[in-house]
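**Student:** Just passing along the structure, written as structure tokens.
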Number of protein chains: 2
Amino acid sequence: MTDPRLSDLLSAIEPLDVTAMSDARERQAQLTKPAGALGVLEDASVRLSGVQGTCPPVAMTRPVVAVFAGDHGVHAQGVTPWPQEVTASMIENFRAGGAAVNVLARQAGADVYVVPGHCGAGLLAGASVAQRLVDEGYDCLLTGDMGIANTTPSAALVAAFTGSAPGRVTGRGTGVDDPTLARKIEVISSALLERPPGDDPVDTLASVGGFEHAGIAGFVLGAAARRTPVILDGVIAGSAALVAQALAPTAVDYCFAGHRSVEPGHVVALERLGLRPLVDLDLRLGEGTGAVLSFPIVEAAGAVLREMATFDSAGVARKDADA
Amino acid sequence: MTDPRLSDLLSAIEPLDVTAMSDARERQAQLTKPAGALGVLEDASVRLSGVQGTCPPVAMTRPVVAVFAGDHGVHAQGVTPWPQEVTASMIENFRAGGAAVNVLARQAGADVYVVPGHCGAGLLAGASVAQRLVDEGYDCLLTGDMGIANTTPSAALVAAFTGSAPGRVTGRGTGVDDPTLARKIEVISSALLERPPGDDPVDTLASVGGFEHAGIAGFVLGAAARRTPVILDGVIAGSAALVAQALAPTAVDYCFAGHRSVEPGHVVALERLGLRPLVDLDLRLGEGTGAVLSFPIVEAAGAVLREMATFDSAGVARKDADA
């Protein structure tokens, strides 16, 4: 039986604003450029208008990346050469401002908010994090993650929600060797055989997901319920978003795919989510680094609608066929 | 016979600083992340160190996009439905701050500097623009362009410098229809038959290139001579960089490929230049839009080297094999 608080959360998620999206498409056609010449940036501007429910979109001046951290029991099965205590010491590194996500967040003008495993565990807790950040005035929510071994449960979730073979969606994570990769695939295959995915996404999440996945899936749902854009990071976020999608397909409309990581499961997840990544730089770090790198692109998409001149306002001639 | 001023310019271009690059690679290995996990960002940080001759690289706080504008005689041959006067009215739009490149430059904190055709024509004039901007304190030079019909000479240059068939490197530019695309290919094929490319890159440039191409090729050479990073925009810049490469292969080491456009000739040019694009968003506008969008990524690469904690400084354990 579904938790009534989860039902309330899901029913609070409304479709994107189609009027704002239609206004955005119409405005794109008036701007001083050939139709479609700004490519994916135009699509992003339409989505952002639909998320915010207004065209042009309001400038996003307070982005925040929420880094969901967690430990993983599967670590004991030898799926990574990194000691588990690295998760805790990286949390200290985030707090001290020395991790990659801190550096990139400062560049993008974003704050970093660390969510330790015991706080962010569970869909409802993740949704609460999103809602609290929106209440505090943040206007764009980015996902981050930290958890030694967490590409293993991510691959398991992707396999479970897309029906892909574990061998197709499991990657090298931090860069594991061939025997460790084979062990990861074996561990995931066994887990899915022991606890085969059923009809309830929450059960599947509980069976093979980690703290981060539950937290991030809830975070996406909570942001969508508050009509706030989400920028997803890599394979951990992508696999968590599959859970959110299974619970509320509309929630994915509020998401931008920050980047495409080198993890093979991420590509499969993005295909299922129907999201095109904004940045493709062979990143495989997590933490939210890919999401933060793409924030300026999403914000630039909105600025185009707000600030560009139109053919009429600038007195620029149109092409012959349109004149 | 080569102009002695051009010879002086070319001889002023030195190789990247290998010590700074080696320091950058060594530092990347100490930072709190798995080796290589920041992908292309790590490569960019090494290149930037080599360009500036120091590790970590100095923060780039004054980027500028130089928009080289030009008209094209080939316009009379029906290669585009856009009236030629659009080039001039877009220059006014740039000056008024209403074009796409203005909007994106404001987002990235970059200035826009318009170089009209009669000012930027010629390799030496383009080099002078770069050198003047460096003298004024700009620390990262981005290329932009505006010229109705300029994807046609760009495709001709790519064909000339790579030996590719015109049909392979000619695209739809602003979005031309099938008959116009066929006409573009025919015009380029005829031009290359009438004036076949020889051994002198300057002759080839003069035969099939435009004002923008000469200006941007010189701009790249001038920036390299001043050890200043260049971010190239799309196919116009890519084809111009092929001229610079033919004159001084080392000049390309000072360049970053801002993005990959949808023009097929751009992909061919990037392959020959050996540059991986930082952004891939189906842009086909020019003006410098792709270069400006990628500036924050290049700057972020430098910030990683400056600001990230090391395993030792943050007290983070390494993976078992390295412990």
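To be explicit about the labels: the chains of the structure tokens are called A, B, and onward in the order shown, and within each one the residues are counted from 1, while ligands get numbers from 1 in the order they are shown.
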Could you produce a table of the residues of segment 269-301 of chain B lying within 12 Å of segment 254-269 of chain A, with the nearest pair of atoms per residue and their separation in Å rounded to one decimal, using only C-alpha atoms, ordered by chain and increasing residue number, as a Markdown table?
**Tutor:**
```
| residue | atom | partner | partner_atom | distance |
| --- | --- | --- | --- | --- |
| B:Leu278 | CA | A:His259 | CA | 11.7 |
| B:Val279 | CA | A:His259 | CA | 10.5 |
| B:Asp280 | CA | A:His259 | CA | 10.9 |
| B:Leu281 | CA | A:His259 | CA | 11.6 |
```
**Student:** Tell me as a PyMOL selection string which residues belonging to chain A come within 7 Å of chain B, counting only C-alpha atoms.
**Tutor:** chain A and resi 32-34+37-40+81-83+86+89-90+93+98-100+103-104+107+174+278-279+281-285+293+297+300+303-304+307-309+314+316-321
**Student:** Contacts of Ala217 of chain B at 6 Å or less, counting only C-alpha atoms, minus same-chain residues fewer than 6 places along, as a list in words?
**Tutor:**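 Returned residues: Ala240, Ala241 and Ala244 of chain B.
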**Student:** Pick the closest to Val112 of chain A from A:Ile231, A:Val292, A:Thr250, A:Gly274: which is it, counting only C-alpha atoms?
**Tutor:** A:Val292
**Student:** Pick from B:Ala223, B:Leu270, B:Leu157, B:Ala165: nearest to Arg132 of chain B, with only C-alpha atoms counted?
**Tutor:**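 Distance minimum relative to Arg132 of chain B lands on B:Ala223.
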**Student:** Between atom CA of Gly215 of chain B and atom CA of Ala251 of chain B, what is the spacing in Å?
**Tutor:** 14.8 Å
**Student:** Give me, as an MDAnalysis selection string, the residues of segment 82-309 of chain B that a backbone DSSP run labels helix (DSSP H, G or I).
**Tutor:** chainID B and resid 85:96 100:108 117:120 123:135 151:162 166:169 178:194 201:208 211:225 235:247 249:254 264:273 289:307
**Student:** Let me see the file: selected residues, C-alpha atoms, as a CSV table (one decimal), in the first residue's frame.
**Tutor:**
```csv
chain,number,residue,atom,x,y,z
B,85,GLU,CA,22.3,43.9,-46.2
B,86,VAL,CA,21.6,41.7,-43.2
B,87,THR,CA,25.3,41.6,-42.5
B,88,ALA,CA,25.3,45.4,-42.0
B,89,SER,CA,22.2,45.5,-39.9
B,90,MET,CA,23.4,42.7,-37.7
B,91,ILE,CA,26.6,44.7,-37.1
B,92,GLU,CA,24.2,47.5,-35.8
B,93,ASN,CA,22.5,44.8,-33.7
B,94,PHE,CA,25.8,43.7,-32.2
B,95,ARG,CA,26.6,47.3,-31.3
B,96,ALA,CA,23.2,47.8,-29.7
B,100,ALA,CA,22.6,36.3,-29.5
B,101,VAL,CA,26.3,36.7,-29.0
B,102,ASN,CA,25.7,39.8,-26.9
B,103,VAL,CA,23.3,38.0,-24.7
B,104,LEU,CA,25.6,35.0,-24.2
B,105,ALA,CA,28.6,37.2,-23.8
B,106,ARG,CA,26.9,39.1,-20.9
B,107,GLN,CA,26.2,35.7,-19.3
B,108,ALA,CA,29.8,34.7,-19.6
B,117,GLY,CA,35.2,43.8,-43.0
B,118,HIS,CA,37.5,46.6,-44.2
B,119,CYS,CA,39.3,46.7,-40.8
B,120,GLY,CA,39.9,43.0,-40.3
B,123,LEU,CA,46.1,38.1,-42.0
B,124,LEU,CA,48.2,40.9,-40.6
B,125,ALA,CA,45.1,43.0,-39.8
B,126,GLY,CA,43.6,40.1,-37.9
B,127,ALA,CA,46.8,39.5,-36.0
B,128,SER,CA,46.8,43.2,-35.1
B,129,VAL,CA,43.3,42.9,-33.6
B,130,ALA,CA,44.5,40.1,-31.4
B,131,GLN,CA,47.6,41.9,-30.3
B,132,ARG,CA,45.7,45.1,-29.5
B,133,LEU,CA,43.1,43.2,-27.4
B,134,VAL,CA,45.9,41.5,-25.4
B,135,ASP,CA,47.5,44.9,-24.9
B,151,THR,CA,29.4,29.1,-44.9
B,152,THR,CA,30.1,28.8,-48.6
B,153,PRO,CA,33.7,30.1,-48.6
B,154,SER,CA,34.2,28.2,-45.3
B,155,ALA,CA,33.3,24.9,-47.0
B,156,ALA,CA,35.6,25.8,-49.9
B,157,LEU,CA,38.5,26.3,-47.5
B,158,VAL,CA,37.8,23.1,-45.7
B,159,ALA,CA,37.7,21.2,-49.0
B,160,ALA,CA,40.9,23.0,-50.1
B,161,PHE,CA,42.9,22.3,-47.0
B,162,THR,CA,41.7,18.7,-46.3
B,166,PRO,CA,32.8,19.7,-51.6
B,167,GLY,CA,29.7,17.5,-51.2
B,168,ARG,CA,31.1,16.1,-48.0
B,169,VAL,CA,31.9,19.4,-46.3
B,178,ASP,CA,17.9,21.3,-51.3
B,179,PRO,CA,18.3,23.3,-54.6
B,180,THR,CA,20.3,26.0,-52.8
B,181,LEU,CA,22.5,23.3,-51.1
B,182,ALA,CA,23.1,21.8,-54.6
B,183,ARG,CA,24.0,25.2,-55.9
B,184,LYS,CA,26.4,25.8,-53.0
B,185,ILE,CA,28.2,22.6,-53.8
B,186,GLU,CA,28.4,23.4,-57.5
B,187,VAL,CA,29.7,26.9,-56.8
B,188,ILE,CA,32.4,25.5,-54.5
B,189,SER,CA,33.4,22.8,-56.9
B,190,SER,CA,33.7,25.3,-59.8
B,191,ALA,CA,35.8,27.7,-57.7
B,192,LEU,CA,38.2,25.0,-56.7
B,193,LEU,CA,38.5,23.8,-60.3
B,194,GLU,CA,39.2,27.3,-61.5
B,201,PRO,CA,48.1,28.8,-47.8
B,202,VAL,CA,47.9,32.5,-48.3
B,203,ASP,CA,47.1,32.1,-52.0
B,204,THR,CA,44.4,29.5,-51.2
B,205,LEU,CA,43.0,31.9,-48.6
B,206,ALA,CA,42.9,34.7,-51.1
B,207,SER,CA,41.3,32.5,-53.8
B,208,VAL,CA,38.4,31.1,-51.9
B,211,PHE,CA,37.3,38.8,-45.1
B,212,GLU,CA,36.3,36.9,-41.9
B,213,HIS,CA,38.5,34.0,-42.7
B,214,ALA,CA,41.6,36.1,-43.3
B,215,GLY,CA,40.9,38.1,-40.2
B,216,ILE,CA,40.3,35.1,-38.0
B,217,ALA,CA,43.3,33.2,-39.3
B,218,GLY,CA,45.5,36.2,-38.5
B,219,PHE,CA,43.7,36.6,-35.1
B,220,VAL,CA,44.7,33.0,-34.2
B,221,LEU,CA,48.3,33.6,-35.2
B,222,GLY,CA,48.4,36.9,-33.3
B,223,ALA,CA,47.0,35.4,-30.1
B,224,ALA,CA,49.4,32.5,-30.3
B,225,ALA,CA,52.3,34.9,-30.8
B,235,VAL,CA,32.8,26.3,-39.1
B,236,ILE,CA,34.0,29.8,-40.1
B,237,ALA,CA,36.6,29.8,-37.4
B,238,GLY,CA,37.4,26.2,-38.0
B,239,SER,CA,38.1,26.8,-41.7
B,240,ALA,CA,40.1,29.9,-40.9
B,241,ALA,CA,42.2,27.9,-38.3
B,242,LEU,CA,43.1,25.5,-41.1
B,243,VAL,CA,44.9,28.4,-42.8
B,244,ALA,CA,46.6,29.3,-39.5
B,245,GLN,CA,47.6,25.7,-39.1
B,246,ALA,CA,49.1,25.5,-42.6
B,247,LEU,CA,51.2,28.5,-41.9
B,249,PRO,CA,51.0,24.2,-37.0
B,250,THR,CA,51.9,25.3,-33.4
B,251,ALA,CA,49.3,28.0,-33.5
B,252,VAL,CA,46.6,25.4,-33.1
B,253,ASP,CA,48.0,24.4,-29.8
B,254,TYR,CA,46.8,27.7,-28.4
B,264,PRO,CA,29.5,19.0,-41.9
B,265,GLY,CA,32.6,20.9,-42.8
B,266,HIS,CA,33.2,21.8,-39.2
B,267,VAL,CA,33.6,18.2,-38.1
B,268,VAL,CA,36.2,17.6,-40.9
B,269,ALA,CA,38.0,20.8,-39.9
B,270,LEU,CA,38.1,19.8,-36.2
B,271,GLU,CA,39.5,16.4,-37.1
B,272,ARG,CA,42.3,18.0,-39.1
B,273,LEU,CA,43.0,20.5,-36.3
B,289,THR,CA,27.9,32.0,-29.8
B,290,GLY,CA,29.5,28.5,-29.4
B,291,ALA,CA,32.8,30.0,-28.3
B,292,VAL,CA,31.2,32.1,-25.6
B,293,LEU,CA,29.1,29.2,-24.3
B,294,SER,CA,32.2,27.2,-23.7
B,295,PHE,CA,34.3,29.9,-22.1
B,296,PRO,CA,33.1,29.0,-18.6
B,297,ILE,CA,34.2,25.4,-19.2
B,298,VAL,CA,37.7,26.4,-20.2
B,299,GLU,CA,37.9,28.8,-17.2
B,300,ALA,CA,36.6,26.0,-14.9
B,301,ALA,CA,39.3,23.7,-16.1
B,302,GLY,CA,41.9,26.2,-14.8
B,303,ALA,CA,40.0,26.7,-11.5
B,304,VAL,CA,40.2,23.0,-10.8
B,305,LEU,CA,44.0,23.2,-10.8
B,306,ARG,CA,44.0,26.3,-8.7
B,307,GLU,CA,41.5,25.4,-6.1
```
**Student:** Output as a list in words all residues of segment 69-279 of chain B that backbone DSSP marks as strand (DSSP E or B).
**Tutor:**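 DSSP-assigned strand (DSSP E or B) residues in segment 69-279 of chain B: Ala69, Asp111, Val112, Tyr113, Val114, Val115, Cys140, Leu141, Leu142, Thr143, Gly144, Asp145, Met146, Val230, Ile231, Leu232, Cys255, Phe256, Ala257, His259 and Val279 of chain B.
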**Student:** Atoms to include: N, CA and C atoms. Write the selected residues as an mmCIF file, in the first residue's frame.
**Tutor:**
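Just written: selection.cif:
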```cif
data_model
loop_
_atom_site.group_PDB
_atom_site.id
_atom_site.type_symbol
_atom_site.label_atom_id
_atom_site.label_comp_id
_atom_site.auth_asym_id
_atom_site.auth_seq_id
_atom_site.Cartn_x
_atom_site.Cartn_y
_atom_site.Cartn_z
ATOM 1 N N ALA B 69 33.368 40.659 -39.378
ATOM 2 C CA ALA B 69 32.234 40.728 -40.303
ATOM 3 C C ALA B 69 32.733 40.904 -41.733
ATOM 4 N N ASP B 111 33.303 40.664 -23.170
ATOM 5 C CA ASP B 111 32.992 41.809 -24.025
ATOM 6 C C ASP B 111 32.848 41.345 -25.476
ATOM 7 N N VAL B 112 32.127 42.146 -26.260
ATOM 8 C CA VAL B 112 31.980 41.884 -27.699
ATOM 9 C C VAL B 112 32.652 43.022 -28.455
ATOM 10 N N TYR B 113 33.538 42.673 -29.368
ATOM 11 C CA TYR B 113 34.303 43.660 -30.137
ATOM 12 C C TYR B 113 34.049 43.390 -31.613
ATOM 13 N N VAL B 114 33.429 44.328 -32.290
ATOM 14 C CA VAL B 114 33.067 44.124 -33.694
ATOM 15 C C VAL B 114 34.189 44.620 -34.610
ATOM 16 N N VAL B 115 34.588 43.769 -35.537
ATOM 17 C CA VAL B 115 35.629 44.116 -36.512
ATOM 18 C C VAL B 115 34.991 44.148 -37.895
ATOM 19 N N CYS B 140 41.605 36.188 -22.704
ATOM 20 C CA CYS B 140 41.133 35.036 -23.463
ATOM 21 C C CYS B 140 40.410 35.584 -24.693
ATOM 22 N N LEU B 141 40.843 35.159 -25.874
ATOM 23 C CA LEU B 141 40.309 35.722 -27.125
ATOM 24 C C LEU B 141 39.384 34.697 -27.785
ATOM 25 N N LEU B 142 38.151 35.110 -28.027
ATOM 26 C CA LEU B 142 37.165 34.230 -28.648
ATOM 27 C C LEU B 142 36.884 34.731 -30.066
ATOM 28 N N THR B 143 36.671 33.797 -30.983
ATOM 29 C CA THR B 143 36.380 34.223 -32.352
ATOM 30 C C THR B 143 34.881 34.271 -32.591
ATOM 31 N N GLY B 144 34.466 35.285 -33.360
ATOM 32 C CA GLY B 144 33.093 35.388 -33.812
ATOM 33 C C GLY B 144 33.091 35.809 -35.271
ATOM 34 N N ASP B 145 31.959 35.695 -35.923
ATOM 35 C CA ASP B 145 31.887 36.059 -37.333
ATOM 36 C C ASP B 145 30.464 36.436 -37.691
ATOM 37 N N MET B 146 30.349 37.294 -38.697
ATOM 38 C CA MET B 146 29.041 37.623 -39.269
ATOM 39 C C MET B 146 29.236 37.914 -40.742
ATOM 40 N N VAL B 230 42.922 31.022 -27.298
ATOM 41 C CA VAL B 230 41.878 31.364 -28.264
ATOM 42 C C VAL B 230 40.785 30.302 -28.152
ATOM 43 N N ILE B 231 39.521 30.741 -28.107
ATOM 44 C CA ILE B 231 38.425 29.780 -28.221
ATOM 45 C C ILE B 231 37.774 29.997 -29.576
ATOM 46 N N LEU B 232 37.814 28.948 -30.405
ATOM 47 C CA LEU B 232 37.253 29.022 -31.751
ATOM 48 C C LEU B 232 35.752 28.776 -31.699
ATOM 49 N N CYS B 255 44.692 26.931 -29.242
ATOM 50 C CA CYS B 255 43.246 27.013 -29.482
ATOM 51 C C CYS B 255 42.459 25.954 -28.715
ATOM 52 N N PHE B 256 41.274 26.327 -28.311
ATOM 53 C CA PHE B 256 40.251 25.408 -27.829
ATOM 54 C C PHE B 256 39.105 25.448 -28.845
ATOM 55 N N ALA B 257 38.508 24.290 -29.108
ATOM 56 C CA ALA B 257 37.336 24.262 -29.992
ATOM 57 C C ALA B 257 36.106 24.486 -29.130
ATOM 58 N N HIS B 259 32.873 24.668 -29.778
ATOM 59 C CA HIS B 259 31.732 23.765 -29.949
ATOM 60 C C HIS B 259 31.822 23.056 -31.289
ATOM 61 N N VAL B 279 31.483 21.866 -26.473
ATOM 62 C CA VAL B 279 30.028 21.932 -26.390
ATOM 63 C C VAL B 279 29.468 21.415 -27.720
#
```
**Student:** Could you state the separation of atom CA of Arg25 of chain B and atom CA of Ala12 of chain B in Å, given to one decimal place?
**Tutor:**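 Separating atom CA of Arg25 of chain B from atom CA of Ala12 of chain B is a distance of 26.5 Å.
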